file data.cif (mmCIF, C-alpha atoms)
data_query
loop_
_atom_site.label_atom_id
_atom_site.label_comp_id
_atom_site.auth_asym_id
_atom_site.auth_seq_id
_atom_site.Cartn_x
_atom_site.Cartn_y
_atom_site.Cartn_z
CA MET A 254 91.67 251.90 32.52
CA ARG A 255 93.26 248.64 31.44
CA ASN A 256 97.02 248.23 31.58
CA THR A 257 98.94 247.79 28.34
CA VAL A 258 98.90 244.15 27.24
CA VAL A 259 102.30 242.52 26.69
CA LYS A 260 102.27 241.11 23.19
CA SER A 261 103.20 237.45 22.69
CA GLY A 262 105.97 238.29 20.22
CA LEU A 263 107.87 240.28 22.85
CA ARG A 264 107.29 237.58 25.45
CA GLN A 265 108.60 234.91 23.06
CA LYS A 266 111.74 236.94 22.44
CA GLN A 267 112.34 237.31 26.17
CA TRP A 268 111.85 233.62 26.79
CA GLN A 269 114.40 232.50 24.21
CA GLY A 270 117.25 234.36 25.87
CA ALA A 271 116.34 233.85 29.48
CA VAL A 272 118.54 231.01 30.72
CA VAL A 273 121.80 232.08 32.36
CA ARG A 274 123.98 229.44 33.97
CA ARG A 275 125.98 230.15 37.12
CA LEU A 276 126.91 228.62 40.44
CA LEU A 277 123.69 228.33 42.39
CA SER A 278 123.06 229.37 45.98
CA LEU A 279 119.89 227.98 47.56
CA GLN A 280 117.89 228.84 50.66
CA THR A 281 115.29 226.40 51.96
CA MET A 282 111.96 227.73 53.24
CA LYS A 283 109.09 225.91 54.92
CA THR A 284 105.61 226.04 53.41
CA PRO A 285 102.16 225.61 54.98
CA SER A 286 102.37 221.94 53.91
CA GLU A 287 104.68 219.72 55.96
CA ASN A 288 105.24 217.62 52.83
CA ALA A 289 106.48 220.53 50.71
CA LEU A 290 109.66 222.60 50.86
CA LYS A 291 110.51 225.70 48.85
CA PHE A 292 114.07 225.96 47.50
CA VAL A 293 114.84 229.60 46.68
CA ALA A 294 117.73 230.85 44.57
CA THR A 295 119.49 233.56 46.58
CA ASP A 296 121.60 234.79 43.67
CA LYS A 297 120.21 236.08 40.36
CA THR A 298 119.44 232.64 38.95
CA ARG A 299 116.00 232.34 37.36
CA PHE A 300 114.37 228.98 36.77
CA LEU A 301 111.76 230.54 34.47
CA PRO A 302 112.46 232.84 31.53
CA GLU A 303 112.37 236.58 32.18
CA GLY A 304 108.85 237.94 32.05
CA MET A 305 107.20 234.61 32.85
CA GLN A 306 105.51 234.64 36.28
CA GLN A 307 103.27 231.56 36.30
CA ALA A 308 104.92 228.53 37.86
CA ILE A 309 105.15 225.17 36.09
CA ASP A 310 103.58 222.28 38.01
CA ILE A 311 104.85 218.75 37.29
CA GLU A 312 102.96 215.75 38.68
CA SER A 313 104.83 212.71 37.33
CA LEU A 314 108.08 211.53 35.75
CA ALA A 315 106.37 211.26 32.37
CA GLU A 316 105.25 214.88 32.67
CA ALA A 317 108.74 215.90 33.79
CA ASN A 318 110.28 214.29 30.71
CA GLU A 319 108.08 216.51 28.54
CA LYS A 320 108.47 219.75 30.46
CA SER A 321 111.72 220.00 32.40
CA PRO A 322 115.09 218.21 32.35
CA LEU A 323 115.65 219.52 35.88
CA ALA A 324 112.41 217.97 37.16
CA SER A 325 113.36 214.68 35.47
CA GLN A 326 116.51 214.64 37.57
CA LEU A 327 114.60 215.41 40.77
CA TYR A 328 112.29 212.46 40.14
CA LYS A 329 115.30 210.18 40.51
CA ILE A 330 115.08 210.89 44.24
CA ASN A 331 112.94 208.32 46.04
CA GLY A 332 110.04 210.07 47.74
CA VAL A 333 109.55 213.02 45.36
CA ARG A 334 105.85 213.28 44.54
CA SER A 335 105.66 216.50 42.50
CA VAL A 336 107.76 219.50 41.48
CA MET A 337 106.76 223.10 40.86
CA ILE A 338 109.19 225.46 39.13
CA GLY A 339 108.73 229.17 39.83
CA SER A 340 110.62 232.24 38.71
CA ASP A 341 113.34 232.01 41.38
CA PHE A 342 112.22 228.99 43.39
CA ILE A 343 111.42 225.30 43.18
CA THR A 344 108.80 223.67 45.41
CA VAL A 345 109.18 219.94 45.97
CA ASN A 346 106.31 217.87 47.35
CA LYS A 347 107.25 214.54 48.91
CA VAL A 348 105.13 211.52 49.73
CA ASP A 349 103.52 211.46 53.15
CA ASN A 350 105.76 209.50 55.51
CA SER A 351 103.35 209.32 58.43
CA LEU A 352 102.31 205.76 57.53
CA SER A 353 105.58 204.10 56.54
CA ASN A 354 107.91 205.90 59.00
CA ASN A 355 110.73 205.41 56.49
CA PRO A 356 113.63 207.71 57.49
CA GLU A 357 114.63 208.03 53.82
CA LEU A 358 111.35 209.85 53.20
CA ASP A 359 111.92 212.46 55.89
CA TRP A 360 113.10 215.93 54.90
CA THR A 361 116.26 215.33 56.93
CA SER A 362 117.25 212.83 54.26
CA LEU A 363 115.53 214.32 51.21
CA LYS A 364 116.48 218.00 51.60
CA PRO A 365 120.25 217.64 50.96
CA LYS A 366 119.57 215.35 48.00
CA VAL A 367 117.21 217.87 46.40
CA GLU A 368 119.71 220.69 46.97
CA GLN A 369 122.49 218.61 45.43
CA TYR A 370 120.47 217.70 42.35
CA ILE A 371 119.39 221.30 41.73
CA ALA A 372 122.91 222.69 42.24
CA SER A 373 124.47 220.01 40.03
CA PHE A 374 121.97 220.61 37.24
CA ALA A 375 122.57 224.37 37.42
CA LYS A 376 126.22 223.76 36.47
CA THR A 377 125.25 222.12 33.18
CA LYS A 378 124.39 223.89 29.94
CA GLN A 379 120.88 222.45 29.81
CA PRO A 380 117.86 224.76 30.12
CA PHE A 381 115.64 224.25 33.13
CA LEU A 382 112.58 223.93 30.89
CA ASP A 383 112.07 222.25 27.53
CA GLN A 384 111.93 224.88 24.78
CA HIS A 385 109.21 223.14 22.77
CA TYR A 386 107.06 222.89 25.88
CA LEU A 387 107.60 226.59 26.59
CA GLU A 388 106.37 227.53 23.13
CA GLU A 389 103.17 225.56 23.68
CA TYR A 390 102.74 226.67 27.28
CA GLN A 391 102.74 230.38 26.50
CA LYS A 392 99.44 229.90 24.67
CA GLU A 393 97.77 228.94 27.97
CA LEU A 394 99.08 231.74 30.17
CA ASP A 395 96.92 233.99 32.31
CA THR A 396 98.23 237.06 30.48
CA LEU A 397 95.88 240.00 30.20
CA ASP A 398 94.21 239.96 26.81
CA GLU A 399 92.58 243.05 25.36
CA ASN A 400 89.94 240.71 23.90
CA ASP A 401 88.86 239.49 27.36
CA ASP A 402 85.54 240.82 28.59
CA ASP A 403 85.73 243.21 31.53
CA VAL A 404 84.96 240.60 34.21
CA VAL A 405 87.57 238.07 33.03
CA TYR A 406 90.12 240.84 32.58
CA GLU A 407 89.55 242.05 36.15
CA ILE A 408 89.75 238.51 37.56
CA LYS A 409 93.06 237.86 35.76
CA GLU A 410 94.46 241.19 36.91
CA LEU A 411 93.63 240.42 40.56
CA ILE A 412 95.19 236.96 40.25
CA ASN A 413 98.36 238.34 38.68
CA THR A 414 98.85 241.33 40.97
CA LYS A 415 97.45 240.28 44.36
CA ILE A 416 96.76 236.56 44.66
CA ARG A 417 99.68 234.93 42.82
CA PRO A 418 102.46 236.83 44.68
CA ALA A 419 100.98 235.80 48.05
CA LEU A 420 100.68 232.14 47.05
CA GLN A 421 104.19 232.03 45.57
CA ASP A 422 105.56 233.30 48.88
CA ASP A 423 104.27 230.04 50.36
CA GLY A 424 105.69 227.90 47.55
CA GLY A 425 102.44 227.65 45.58
CA ASP A 426 100.70 229.24 42.63
CA ILE A 427 97.33 229.66 40.95
CA HIS A 428 96.20 229.42 37.33
CA PHE A 429 92.97 230.89 35.96
CA ARG A 430 90.96 228.34 33.99
CA SER A 431 87.62 229.95 33.13
CA PHE A 432 84.67 232.02 34.30
CA ASP A 433 81.08 230.84 33.99
CA GLU A 434 79.06 234.04 33.79
CA SER A 435 75.75 232.16 34.12
CA THR A 436 76.63 230.94 37.64
CA GLY A 437 79.30 233.47 38.61
CA THR A 438 81.79 230.63 39.15
CA VAL A 439 85.53 231.12 38.67
CA PHE A 440 87.45 227.91 37.94
CA ILE A 441 91.09 227.94 39.02
CA LYS A 442 93.96 225.49 39.45
CA LEU A 443 96.05 225.48 42.63
CA ARG A 444 99.71 224.55 42.21
CA GLY A 445 102.68 223.49 44.32
CA ALA A 446 102.45 223.61 48.11
CA CYS A 447 98.95 225.14 47.95
CA LYS A 448 97.34 221.96 46.68
CA SER A 449 99.00 219.67 49.27
CA CYS A 450 98.45 221.94 52.25
CA SER A 451 95.86 220.89 54.82
CA LEU A 452 94.60 224.48 54.68
CA SER A 453 94.07 224.50 50.90
CA GLU A 454 90.29 224.72 51.29
CA ASP A 455 90.71 227.71 53.62
CA THR A 456 93.03 229.31 51.06
CA LEU A 457 90.49 228.72 48.31
CA LYS A 458 87.39 229.94 50.14
CA GLY A 459 88.69 232.30 52.81
CA GLY A 460 91.39 233.90 50.71
CA ILE A 461 90.93 233.65 46.95
CA GLU A 462 87.14 233.53 46.83
CA SER A 463 86.71 236.31 49.37
CA MET A 464 89.05 238.63 47.50
CA LEU A 465 87.53 238.01 44.08
CA LYS A 466 83.98 238.43 45.40
CA HIS A 467 84.99 241.66 47.14
CA TYR A 468 86.49 243.28 44.04
CA VAL A 469 84.37 241.65 41.32
CA PRO A 470 80.62 241.69 42.12
CA GLU A 471 79.88 239.19 39.34
CA VAL A 472 81.85 236.46 41.14
CA GLU A 473 79.70 234.15 43.29
CA GLU A 474 82.03 231.19 43.85
CA VAL A 475 85.57 229.95 43.20
CA ARG A 476 86.19 226.27 42.51
CA ALA A 477 89.44 224.35 42.05
CA VAL A 478 89.77 221.91 39.15
CA LEU A 479 92.11 219.00 38.44
CA ASP A 480 93.93 218.32 35.20
CA PRO A 481 93.48 214.79 33.73
CA GLU A 482 97.10 213.87 34.42
CA GLU A 483 96.75 215.07 38.00
CA GLU A 484 93.67 212.91 38.52
CA ILE A 485 95.72 209.92 37.35
CA ALA A 486 98.62 210.83 39.65
CA ILE A 487 96.29 211.22 42.64
CA ALA A 488 94.67 207.85 41.91
CA GLU A 489 98.09 206.18 41.80
CA PHE A 490 99.11 207.90 45.02
CA GLU A 491 95.92 206.73 46.75
CA LYS A 492 96.76 203.16 45.72
CA LEU A 493 100.23 203.55 47.25
CA GLU A 494 98.77 205.08 50.41
CA LYS A 495 96.30 202.18 50.75
CA LYS A 496 99.14 199.68 50.34
CA LEU A 497 101.19 201.43 53.03
CA LYS A 498 98.23 201.33 55.41
CA GLN A 499 97.81 197.61 54.77
CA ASN A 500 101.51 197.00 55.39
CA ALA A 501 101.36 199.05 58.59
CA SER A 502 98.41 197.00 59.83
CA ALA A 503 100.11 193.72 58.94
CA SER A 504 103.27 194.66 60.83
CA GLY A 505 101.38 195.96 63.89
CA PRO A 506 101.84 194.70 67.42
CA SER A 507 101.26 190.98 67.82
CA ASP A 508 98.52 189.57 70.04
CA PRO A 509 99.48 189.60 73.70
CA LYS A 510 100.67 186.29 74.98
CA VAL A 511 98.43 184.47 77.45
CA ARG A 512 100.09 184.18 80.79
CA PRO A 513 100.03 180.77 82.38
CA GLU A 514 97.80 180.75 85.41
CA ALA A 515 99.54 180.60 88.73
CA HIS A 516 99.05 177.33 90.58
CA ALA A 517 98.14 177.33 94.19
#
call {"tool": "encode", "arguments": {"input": "data.cif", "output": "structure tokens"}}
result
Amino acid sequence: MRNTVVKSGLRQKQWQGAVVRRLLSLQTMKTPSENALKFVATDKTRFLPEGMQQAIDIESLAEANEKSPLASQLYKINGVRSVMIGSDFITVNKVDNSLSNNPELDWTSLKPKVEQYIASFAKTKQPFLDQHYLEEYQKELDTLDENDDDVVYEIKELINTKIRPALQDDGGDIHFRSFDESTGTVFIKLRGACKSCSLSEDTLKGGIESMLKHYVPEVEEVRAVLDPEEEIAIAEFEKLEKKLKQNASASGPSDPKVRPEAHA
């Protein structure tokens, strides 16, 4: 039997009164991705309104300016690539420093800056998320809908109750996009640390796909999709990565000097 569906009117009411400001205590946790850290609120601070479980993924400063004043502040830190805001945690993805070897892009330097920005913002009266964006975003949530067909309903329920909690423990999240009943393909969106982890394909196929296929016989495959803004952000990042590689090659070791031959 299906669970009772939470009506949007109740959810909207919860969201409007959700932000409580207090001194913030943070704990930092590693994720499967070496370029992502999870900053967890150890008090009762919530970054998302009560009743909202899906994390907000932010890929650029322009996107941050539309969605979250907090994320806009975090993008002032050199090296921040993306931000994901969860119920009681924030996952920050940084640029890969393996090519540039810039100490300012190491977590040793970035971690205290991120903590300071989050803690400082928490002292203000600003909401973590833009209210207008929240009102639009709730229309796209993976909430259980009594109008969903049985397969989609079951997929959403598995995502909400089994898959999402496991991914959020690792600083990531998952969003349901659609189900193609003609091919048995589920289209999902990975968020946060999950998308930058080197094991993301294993997570997708060995974890998510295996579970959905086990519980929902109609599912044949699970595929990850990219949003248009994310495709743009990835393209820009690839340009930066190519430039760093070129700079690294240009500043490589010089040709060995030819020794003068010894004279007899």
call {"tool": "residues_around", "arguments": {"input": "data.cif", "residues": "Gln280 (chain A)", "least_positions_apart": "5", "cutoff": "8 Å", "atoms": "all atoms listed in the file", "output": "JSON, numbers by chain"}}
result
{"A": [292, 293, 294, 295]}
call {"tool": "write_last_selection", "arguments": {"input": "data.cif", "atoms": "C-alpha atoms", "output": "mmCIF file, in the frame of the given file"}}
result
data_model
loop_
_atom_site.group_PDB
_atom_site.id
_atom_site.type_symbol
_atom_site.label_atom_id
_atom_site.label_comp_id
_atom_site.auth_asym_id
_atom_site.auth_seq_id
_atom_site.Cartn_x
_atom_site.Cartn_y
_atom_site.Cartn_z
ATOM 1 C CA PHE A 292 114.070 225.960 47.500
ATOM 2 C CA VAL A 293 114.840 229.600 46.680
ATOM 3 C CA ALA A 294 117.730 230.850 44.570
ATOM 4 C CA THR A 295 119.490 233.560 46.580
#
call {"tool": "residues_around", "arguments": {"input": "data.cif", "residues": "Tyr390 (chain A)", "least_positions_apart": "5", "cutoff": "10 Å", "atoms": "only C-alpha atoms", "output": "ChimeraX atom specification"}}
result
/A:309,320,384-385
call {"tool": "atom_distance", "arguments": {"input": "data.cif", "atom1": "CA of Ala317 (chain A)", "atom2": "CA of Val475 (chain A)"}}
result
28.7 Å
call {"tool": "residues_near_point", "arguments": {"input": "data.cif", "point": "(122.8, 226.3, 40.1)", "cutoff": "10 Å", "atoms": "all atoms listed in the file", "output": "count of residues only"}}
result
22
call {"tool": "closest_atom_pairs", "arguments": {"input": "data.cif", "of": "region 363-441 of chain A", "to": "region 457-467 of chain A", "cutoff": "12 Å", "atoms": "all atoms listed in the file", "output": "CSV"}}
result
residue,atom,partner,partner_atom,distance
A:Val404,CA,A:Leu465,CA,10.5
A:Val405,CA,A:Leu465,CA,11.1
A:Glu407,CA,A:Leu465,CA,9.1
A:Ile408,CA,A:Leu465,CA,6.9
A:Lys409,CA,A:Leu465,CA,10.0
A:Glu410,CA,A:Leu465,CA,10.5
A:Leu411,CA,A:Leu465,CA,7.4
A:Ile412,CA,A:Ile461,CA,8.6
A:Lys415,CA,A:Met464,CA,9.1
A:Ile416,CA,A:Ile461,CA,6.9
A:Arg417,CA,A:Ile461,CA,9.8
A:Ala419,CA,A:Gly460,CA,10.1
A:Leu420,CA,A:Ile461,CA,9.9
A:Asp426,CA,A:Ile461,CA,11.6
A:Ile427,CA,A:Ile461,CA,9.6
A:His428,CA,A:Ile461,CA,11.8
A:Phe429,CA,A:Ile461,CA,11.5
A:Phe432,CA,A:Leu465,CA,11.8
A:Gly437,CA,A:Lys466,CA,9.6
A:Thr438,CA,A:Glu462,CA,9.8
A:Val439,CA,A:Glu462,CA,8.7
A:Phe440,CA,A:Glu462,CA,10.5
A:Ile441,CA,A:Leu457,CA,9.3
call {"tool": "residues_near_point", "arguments": {"input": "data.cif", "point": "(107.2, 219.2, 44.6)", "cutoff": "8 Å", "atoms": "all atoms listed in the file", "output": "list of chain:residue names"}}
result
A:Ala289, A:Leu290, A:Ile311, A:Val333, A:Arg334, A:Ser335, A:Val336, A:Met337, A:Ile343, A:Thr344, A:Val345, A:Asn346, A:Lys347, A:Gly445, A:Ala446
call {"tool": "atom_distance", "arguments": {"input": "data.cif", "atom1": "CA of Ala308 (chain A)", "atom2": "CA of Asp423 (chain A)"}}
result
12.6 Å
call {"tool": "atom_distance", "arguments": {"input": "data.cif", "atom1": "CA of Lys366 (chain A)", "atom2": "CA of Leu327 (chain A)"}}
result
8.8 Å
call {"tool": "closest_residue", "arguments": {"input": "data.cif", "among": "A:Ala477, A:Tyr386, A:Gly332, A:Ser313", "to": "Arg430 (chain A)", "atoms": "all atoms listed in the file"}}
result
A:Ala477
call {"tool": "closest_residue", "arguments": {"input": "data.cif", "among": "A:Pro380, A:Leu358, A:Leu352, A:Asp402", "to": "Asn500 (chain A)", "atoms": "all atoms listed in the file"}}
result
A:Leu352
